[in-house]
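A short write-up of the structure that comes next.
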Amino acid sequence: MIQLWADRTTEISKDPNIKYVFPFENRGKEVGVTMPHPHGQIYGYSYIPLKLEVELKSAKSYFEKNKTNLFDAIIWEEQKVDKRIIFETKNFLVFLPFFTDYPYGVFIVAKNDAIYFSNFSENEKKELGIILKDVVGMFDALYDKPFPYMMCVHQAPVNSEEWENSSLYYRFHIEFYPPLRSSDAIKYYASSEMGAWAAANTRNVEETALELKIALKNTKMLSKESANEIFLNQFSYTAEEYCFSPGRINLIGEHIDYNGGLVLPFAINKGILAAFKKNENKIIRIYSADFEDSLVIDLGKAIEFPVEVNWKTYILGMIEMMKSKGLFISGIDMIICSDLPLGSGLSSSAALECLIGYVFANEYYDKNRKELALDAQHVEHEYAKVKCGIMDQFAVANGKKEMGMLLDCNNLQSNYLPIELKNFTLLVINSNKPRALVDSKYNERRAECDKILALLDGFDPSKELANLNPLSLAYIEDDILYSRAKHILTENNRVKMASNALADGNIEALGQLLLASHQSLDEDYEVAGHELNTIVKYAMKVKECVGARMTGAGFGGCCIAIVEKNAIAKFKQYVSKSIKKIHIILVLF
Ligand code: GLA
C-alpha cells in the first residue's frame, strides 16, 4: 500500500495542473460512506485545499519566527510530556495530539525531513506499513469491534513555487479521524465543530492515549521473532536463547492460600518472554520492552534496590536470592516483553520472578520447582513488601498447559486436573483498573487473619484459618473479623465443591460456586470494589453466563466468567457496551 501511494503520488504530480495529492482511507458506516469496509481513494486537486493551506501557512510562519520545523517542535514536546505518545519507532512518532478533534485522533509524524511518500527509504516504507497495521489493529482492539475511521495523509503541495522549500518547515504526517467517543457513542461534528470550527473533545487526551496504549498491547502476540527484533535493536546482535514464563488465573479459592486453604489456579498462555545471550562478563543488562527501561547490574558490586518497588525490584530480589544460595549467576544481555496486562491480577510479578530463576538457574530450578516458588514468594515478602501467599508462584512454576491445579497450601501437595468446560468457555475481563498489592489492603487482610488466629488461640487447635472448626466462629465477637473468617471457611468449602463439579462436568454448578465466591469476597472479605462488582453484575445479566467472579487479590484487576461458547459474541458486545474501559481477553479450553 505504501509503495502504491508513493507511486501514485509521483504519477499524479506529473500533471502540472495538480497542486495537491491527497490519499485517504475511510472505514465504517459511522463515517457516512457507501462502502463500510476500509477503502481508499487518492484525490488530485488543482488547488491546495483550505485545511492544508492553513496548516502549511502556520508551519511556515512558525519556522520564520523560531527557525525550527514546527513538526520537530511537536515531536520534542510530546517526547518531553510522554503521556500522549502511543508508541515510537526509529523514524516515526505515533501520538494523540492535545488538540485532537476526535478522542482517538492519532497522528503519525515522520521524524526525518520527508514531505512525500517518495522520500522514504525501503526500510522506512516497511516501518510505516507496520505502524499502520498496528494502529488500526489497536483501534479494533479498543472496543473489540471494527473501529470506524478516516485516515488522511498530509504531504507537501506539488507543482507550486510558493511551497518549494517546504521540507524546511513542513513534514509528512498521517492524521486519523475515528468518529467514536466510546464503544457505542459517535463523536459527531456538531454545531461548535461545524459552525465555528471549534472542536469540543469531551474526553481527556492523556486518558484516551492510555486506553489506546492498553489496546495496542492487547493486540500484540508474543513471538520469538518480535523478541528477537527488540533484542537486535538493543544490543545489535542476535539472541541465542528464549524462555517463557506464564501468568495465572485463579478459578476459585481466593485469599485463602495464606490461610492454609485449597486453591484452584491454572497457568495461562499469556506471560513474559525473554530473549537472551549469556556471556563471560560480570555485567547483566536487561531491557524491558513494556517499561522501555533498562537495568544494568555489575555482579562484582553489591546490589542496589530502587527506592520505590518496580519491575527491577523483582529481578534484583531473585538475583540476590540465587546468589545467597550459591547458585552461579553469569553475565547476560536480555530483553523481556510481555502480553500479560501488567498489574491486572494475572500474576505478572510471579511470572517475572520465576522467569529470572529459570533464565539464570534453569537446571537447578527445573528439578526443584517447589523451591523456585518458595524463593519467588520470599522475594515478594522481602523486597516488594507484599506478604502474599504461595498460590501465584506455585502456579507459575508448576503450571501445565490447559490443566488446573488443586493446591493444598497447608502442605503444598498438588494435583493437576483438566479444565473441561464442555460447551462453555472461560472469559477473562480486565477492568483496566490497575491493582497494586502494596498500596492495597492486602497486607491489612493478612494482619486481620493473624488477629483471628491469636484470638482463637486456646479455643481451636488449628494453626491455619482454613482448617478451623466452624463452631469456633462463635468465639469471634468482632463483626469484621467474623466476616473475614467466614469467607475463609466458606471459600475453602467452595473449592472442594468446585473441584467435584469440574470432575462431574457440572459446569452450571461450577458457575454458581464462582458467583458465591465473588459475593463472599465482596461482602465478607471486602476486596472486590466497584469496578469488579459492576463487571460481575453485567456478566450475570447475560443468560448464557452461568457464573462470574473477581480473580486474584482484587481491588481492581480481572474478572472471569463462564459463558456458553455460542454466546461469546453476545456476551462481549453486551458487557463492553455496558461498562467502559474494560477489555475482554478470551481464554479457551
Ligand atoms: C495475590 C497473592 C496470592 C493470593 C491472591 C488472593 O495474587 O499473591 O498469594 O493471596 O492474591 O487469592
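Naming works like this for the C-alpha cells: A, B, ... for the chains as they're shown, residue 1 at the start of each chain, ligands 1 onward in shown order.
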Find the nearest atom pair between each residue of chain A and ligand 1 for residues within 6 Å, count only C-alpha atoms and all ligand atoms, give distances in Å to one decimal, sort rows by chain and ascending number, and present the table as CSV.
residue,atom,partner,partner_atom_place_in_ligand_line,distance
A:Glu254,CA,ligand 1,12 (O),3.4
A:His255,CA,ligand 1,12 (O),3.5
A:Asp257,CA,ligand 1,10 (O),5.5
A:Cys388,CA,ligand 1,9 (O),4.2
A:Gly389,CA,ligand 1,9 (O),3.3
A:Ile390,CA,ligand 1,9 (O),5.1
A:Met391,CA,ligand 1,9 (O),4.9
A:Asp392,CA,ligand 1,8 (O),5.5
A:Gly552,CA,ligand 1,7 (O),4.6
A:Ala553,CA,ligand 1,11 (O),3.5
Save out the residues we just selected, C-alpha atoms, as a compact mmCIF listing (two decimals), in the first residue's frame.
# COMPACT_ATOMS: atom_id res chain seq x y z
CA GLU A 254 -9.29 -16.55 46.87
CA HIS A 255 -7.37 -15.10 49.81
CA ASP A 257 -3.64 -19.55 50.26
CA CYS A 388 1.50 -12.82 49.59
CA GLY A 389 0.60 -16.48 49.81
CA ILE A 390 2.21 -19.19 47.69
CA MET A 391 -0.51 -19.68 45.07
CA ASP A 392 0.80 -17.43 42.28
CA GLY A 552 -6.67 -12.67 42.17
CA ALA A 553 -6.21 -10.26 45.03
Next item on the list: Considering only C-alpha atoms, return as a PyMOL selection string whatever protein or nucleic-acid residues lie within 6 Å of region 349-359 of chain A, sequence-local ones (same chain, fewer than 3 positions apart) excluded.
Entry: chain A and resi 245-247+314+362+376+393
Note to self: Calculated over only C-alpha atoms, which of the candidates A:Ser191, A:Gln512, A:Ser347, A:Asn411 has the smallest distance to Ala397 (chain A)?
What the structure shows: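 So, comparing all the options, the nearest one is A:Ser347.
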Next item on the list: From the DSSP assignment of the backbone, select every residue of region 63-260 of chain A that is strand (DSSP E), and format the answer as an MDAnalysis selection string.
Entry: chainID A and resid 85:88 92:95 107:110 149:154 173:177 241:250
Write the residues you've just listed into a file as a short mmCIF file (atom, residue, chain, number, x, y, z; two decimals), in the first residue's frame, and include N, CA, C and O atoms for each of them.
data_model
loop_
_atom_site.label_atom_id
_atom_site.label_comp_id
_atom_site.auth_asym_id
_atom_site.auth_seq_id
_atom_site.Cartn_x
_atom_site.Cartn_y
_atom_site.Cartn_z
N ILE A 85 2.15 9.90 23.94
CA ILE A 85 2.79 9.05 22.92
C ILE A 85 2.21 7.63 23.03
O ILE A 85 2.20 7.05 24.12
N ILE A 86 1.74 7.11 21.91
CA ILE A 86 1.21 5.74 21.92
C ILE A 86 2.37 4.78 21.72
O ILE A 86 2.54 3.83 22.45
N PHE A 87 3.18 5.03 20.72
CA PHE A 87 4.45 4.32 20.57
C PHE A 87 5.34 5.09 19.60
O PHE A 87 4.89 6.02 18.93
N GLU A 88 6.61 4.67 19.59
CA GLU A 88 7.58 5.40 18.80
C GLU A 88 8.45 4.38 18.09
O GLU A 88 8.81 3.36 18.68
N PHE A 92 9.40 7.26 13.16
CA PHE A 92 8.06 7.85 13.28
C PHE A 92 7.64 7.97 14.75
O PHE A 92 8.03 7.16 15.59
N LEU A 93 6.80 8.99 14.99
CA LEU A 93 6.19 9.13 16.32
C LEU A 93 4.69 8.97 16.15
O LEU A 93 4.07 9.61 15.30
N VAL A 94 4.09 8.10 16.99
CA VAL A 94 2.65 7.89 16.94
C VAL A 94 2.07 8.41 18.24
O VAL A 94 2.41 7.93 19.32
N PHE A 95 1.22 9.42 18.17
CA PHE A 95 0.75 10.05 19.40
C PHE A 95 -0.65 10.62 19.23
O PHE A 95 -1.19 10.66 18.11
N PHE A 107 -2.09 10.75 15.46
CA PHE A 107 -1.23 11.31 14.42
C PHE A 107 0.02 10.43 14.28
O PHE A 107 0.54 9.94 15.29
N ILE A 108 0.48 10.28 13.05
CA ILE A 108 1.77 9.60 12.83
C ILE A 108 2.66 10.61 12.12
O ILE A 108 2.32 11.05 11.02
N VAL A 109 3.76 10.99 12.76
CA VAL A 109 4.61 12.02 12.16
C VAL A 109 5.99 11.45 11.87
O VAL A 109 6.58 10.75 12.71
N ALA A 110 6.51 11.75 10.67
CA ALA A 110 7.86 11.30 10.32
C ALA A 110 8.88 12.12 11.12
O ALA A 110 8.71 13.32 11.30
N TYR A 149 -12.97 4.78 10.96
CA TYR A 149 -12.00 5.90 10.93
C TYR A 149 -11.92 6.54 9.56
O TYR A 149 -12.31 5.94 8.55
N MET A 150 -11.40 7.76 9.56
CA MET A 150 -10.95 8.40 8.33
C MET A 150 -9.45 8.56 8.52
O MET A 150 -9.01 8.89 9.62
N MET A 151 -8.71 8.26 7.51
CA MET A 151 -7.24 8.36 7.62
C MET A 151 -6.75 9.29 6.52
O MET A 151 -6.97 9.01 5.33
N CYS A 152 -6.15 10.40 6.89
CA CYS A 152 -5.79 11.42 5.90
C CYS A 152 -4.27 11.60 5.86
O CYS A 152 -3.65 11.83 6.89
N VAL A 153 -3.73 11.50 4.65
CA VAL A 153 -2.28 11.65 4.50
C VAL A 153 -1.95 13.09 4.13
O VAL A 153 -2.47 13.61 3.13
N HIS A 154 -1.13 13.72 4.94
CA HIS A 154 -0.72 15.09 4.64
C HIS A 154 0.69 15.10 4.07
O HIS A 154 1.65 14.82 4.79
N HIS A 173 2.91 13.65 7.40
CA HIS A 173 2.26 13.02 8.56
C HIS A 173 0.90 12.47 8.18
O HIS A 173 0.35 12.82 7.13
N ILE A 174 0.40 11.60 9.01
CA ILE A 174 -0.91 10.99 8.76
C ILE A 174 -1.82 11.32 9.94
O ILE A 174 -1.41 11.22 11.10
N GLU A 175 -3.03 11.77 9.62
CA GLU A 175 -3.98 12.14 10.68
C GLU A 175 -5.16 11.17 10.64
O GLU A 175 -5.77 10.98 9.59
N PHE A 176 -5.48 10.59 11.79
CA PHE A 176 -6.66 9.72 11.87
C PHE A 176 -7.82 10.49 12.48
O PHE A 176 -7.63 11.26 13.43
N TYR A 177 -8.99 10.26 11.94
CA TYR A 177 -10.23 10.84 12.49
C TYR A 177 -11.22 9.73 12.76
O TYR A 177 -12.07 9.44 11.91
N GLU A 241 19.01 -17.63 23.20
CA GLU A 241 18.10 -18.48 23.98
C GLU A 241 16.82 -17.73 24.31
O GLU A 241 16.80 -16.49 24.33
N TYR A 242 15.77 -18.49 24.61
CA TYR A 242 14.47 -17.89 24.93
C TYR A 242 13.88 -18.60 26.13
O TYR A 242 14.15 -19.78 26.36
N CYS A 243 13.06 -17.87 26.86
CA CYS A 243 12.38 -18.51 27.99
C CYS A 243 11.03 -17.83 28.17
O CYS A 243 10.94 -16.60 28.10
N PHE A 244 9.98 -18.60 28.36
CA PHE A 244 8.64 -18.05 28.55
C PHE A 244 8.13 -18.42 29.94
O PHE A 244 8.28 -19.55 30.40
N SER A 245 7.58 -17.44 30.62
CA SER A 245 7.02 -17.70 31.95
C SER A 245 5.56 -17.22 31.93
O SER A 245 5.27 -16.09 31.57
N PRO A 246 4.63 -18.11 32.31
CA PRO A 246 3.21 -17.76 32.15
C PRO A 246 2.64 -16.94 33.30
O PRO A 246 3.18 -16.94 34.40
N GLY A 247 1.53 -16.27 33.03
CA GLY A 247 0.73 -15.70 34.10
C GLY A 247 -0.21 -16.78 34.62
O GLY A 247 -0.17 -17.91 34.15
N ARG A 248 -1.06 -16.43 35.58
CA ARG A 248 -2.01 -17.42 36.08
C ARG A 248 -3.38 -16.79 36.32
O ARG A 248 -3.51 -15.58 36.51
N ILE A 249 -4.37 -17.65 36.28
CA ILE A 249 -5.71 -17.23 36.68
C ILE A 249 -6.14 -18.17 37.79
O ILE A 249 -5.86 -19.37 37.73
N ASN A 250 -6.77 -17.62 38.79
CA ASN A 250 -7.28 -18.50 39.84
C ASN A 250 -8.77 -18.73 39.59
O ASN A 250 -9.54 -17.79 39.55
#
Next item on the list: Identify which of the residues A:Asn123, A:Ser462, A:Ser183, A:Asn26 lies closest to Gln41 (chain A), counting only C-alpha atoms when measuring atom-to-atom distances.
Entry: A:Asn26
Next item on the list: Find, counting only C-alpha atoms, the residue in A:Leu468, A:Leu417, A:Ile284, A:Val587 that gets nearest to Gly260 (chain A).
Entry: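 Result for the nearest residue to Gly260 (chain A): A:Leu468.
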Check: Restricting the calculation to only C-alpha atoms, which member of A:Ser483, A:Leu212, A:Val396, A:His530 is positioned closest to His583 (chain A)?
Finding: A:Leu212
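For the pair CA of Ala567 (chain A) and CA of Gly253 (chain A), the interatomic distance is 26.6 Å.
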Next item on the list: Grab the CA of Leu406 (chain A) to CA of Ile452 (chain A) distance for me, in Å with one decimal place.
Entry: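 So the answer is 25.7 Å.
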Next item on the list: Tell me, as a ChimeraX atom specification, which residues lie within 9 Å of Lys433 (chain A), counting only C-alpha atoms; anything in the same chain fewer than 3 positions away does not count.
Entry: /A:343-344,430,531,555-558,581-582
Could you write those residues out with N, CA and C atoms, as a PDB file, in the first residue's frame?
ATOM      1  N   GLY A 343       0.004  -5.601  36.255  1.00  0.00           N
ATOM      2  CA  GLY A 343      -0.726  -5.107  37.420  1.00  0.00           C
ATOM      3  C   GLY A 343      -2.218  -5.344  37.306  1.00  0.00           C
ATOM      4  N   SER A 344      -2.630  -6.443  36.651  1.00  0.00           N
ATOM      5  CA  SER A 344      -4.063  -6.657  36.483  1.00  0.00           C
ATOM      6  C   SER A 344      -4.516  -7.950  37.134  1.00  0.00           C
ATOM      7  N   ASN A 430     -10.775  -7.775  31.800  1.00  0.00           N
ATOM      8  CA  ASN A 430      -9.846  -6.894  32.509  1.00  0.00           C
ATOM      9  C   ASN A 430     -10.541  -5.563  32.799  1.00  0.00           C
ATOM     10  N   GLU A 531     -15.564  -1.535  40.453  1.00  0.00           N
ATOM     11  CA  GLU A 531     -15.330  -1.973  39.070  1.00  0.00           C
ATOM     12  C   GLU A 531     -15.612  -3.464  38.897  1.00  0.00           C
ATOM     13  N   PHE A 555      -9.378  -5.570  44.434  1.00  0.00           N
ATOM     14  CA  PHE A 555      -9.093  -4.120  44.443  1.00  0.00           C
ATOM     15  C   PHE A 555      -8.804  -3.618  43.027  1.00  0.00           C
ATOM     16  N   GLY A 556      -9.393  -4.212  42.024  1.00  0.00           N
ATOM     17  CA  GLY A 556      -9.050  -3.906  40.626  1.00  0.00           C
ATOM     18  C   GLY A 556      -8.598  -5.202  39.979  1.00  0.00           C
ATOM     19  N   GLY A 557      -8.072  -5.119  38.764  1.00  0.00           N
ATOM     20  CA  GLY A 557      -7.613  -6.337  38.094  1.00  0.00           C
ATOM     21  C   GLY A 557      -8.702  -6.976  37.255  1.00  0.00           C
ATOM     22  N   CYS A 558      -8.756  -8.309  37.258  1.00  0.00           N
ATOM     23  CA  CYS A 558      -9.626  -9.022  36.311  1.00  0.00           C
ATOM     24  C   CYS A 558     -10.766  -9.801  36.960  1.00  0.00           C
ATOM     25  N   LYS A 581     -14.107   1.077  29.197  1.00  0.00           N
ATOM     26  CA  LYS A 581     -12.716   0.841  29.596  1.00  0.00           C
ATOM     27  C   LYS A 581     -12.321  -0.613  29.810  1.00  0.00           C
ATOM     28  N   ILE A 582     -13.284  -1.569  29.805  1.00  0.00           N
ATOM     29  CA  ILE A 582     -12.859  -2.931  30.080  1.00  0.00           C
ATOM     30  C   ILE A 582     -12.345  -3.582  28.817  1.00  0.00           C
TER      31      ILE A 582
END
Item checked: Two-atom distance - CA of Lys14 (chain A), CA of Gly44 (chain A) (Å) -> 10.8 Å
Notebook entry, point to check: Quick one: of A:Val31, A:Ala548, A:Leu232, A:Met497, who's nearest to Ile186 (chain A), counting only C-alpha atoms?
Noted result: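 Among the listed residues, A:Val31 lies closest to Ile186 (chain A).
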Next item on the list: Could you pull out the residues in region 5-149 of chain A that DSSP calls helix (DSSP H, G or I) from the backbone, as a PyMOL selection string?
Entry: chain A and resi 5-13+29-31+50-66+70-81+117-119+122-142
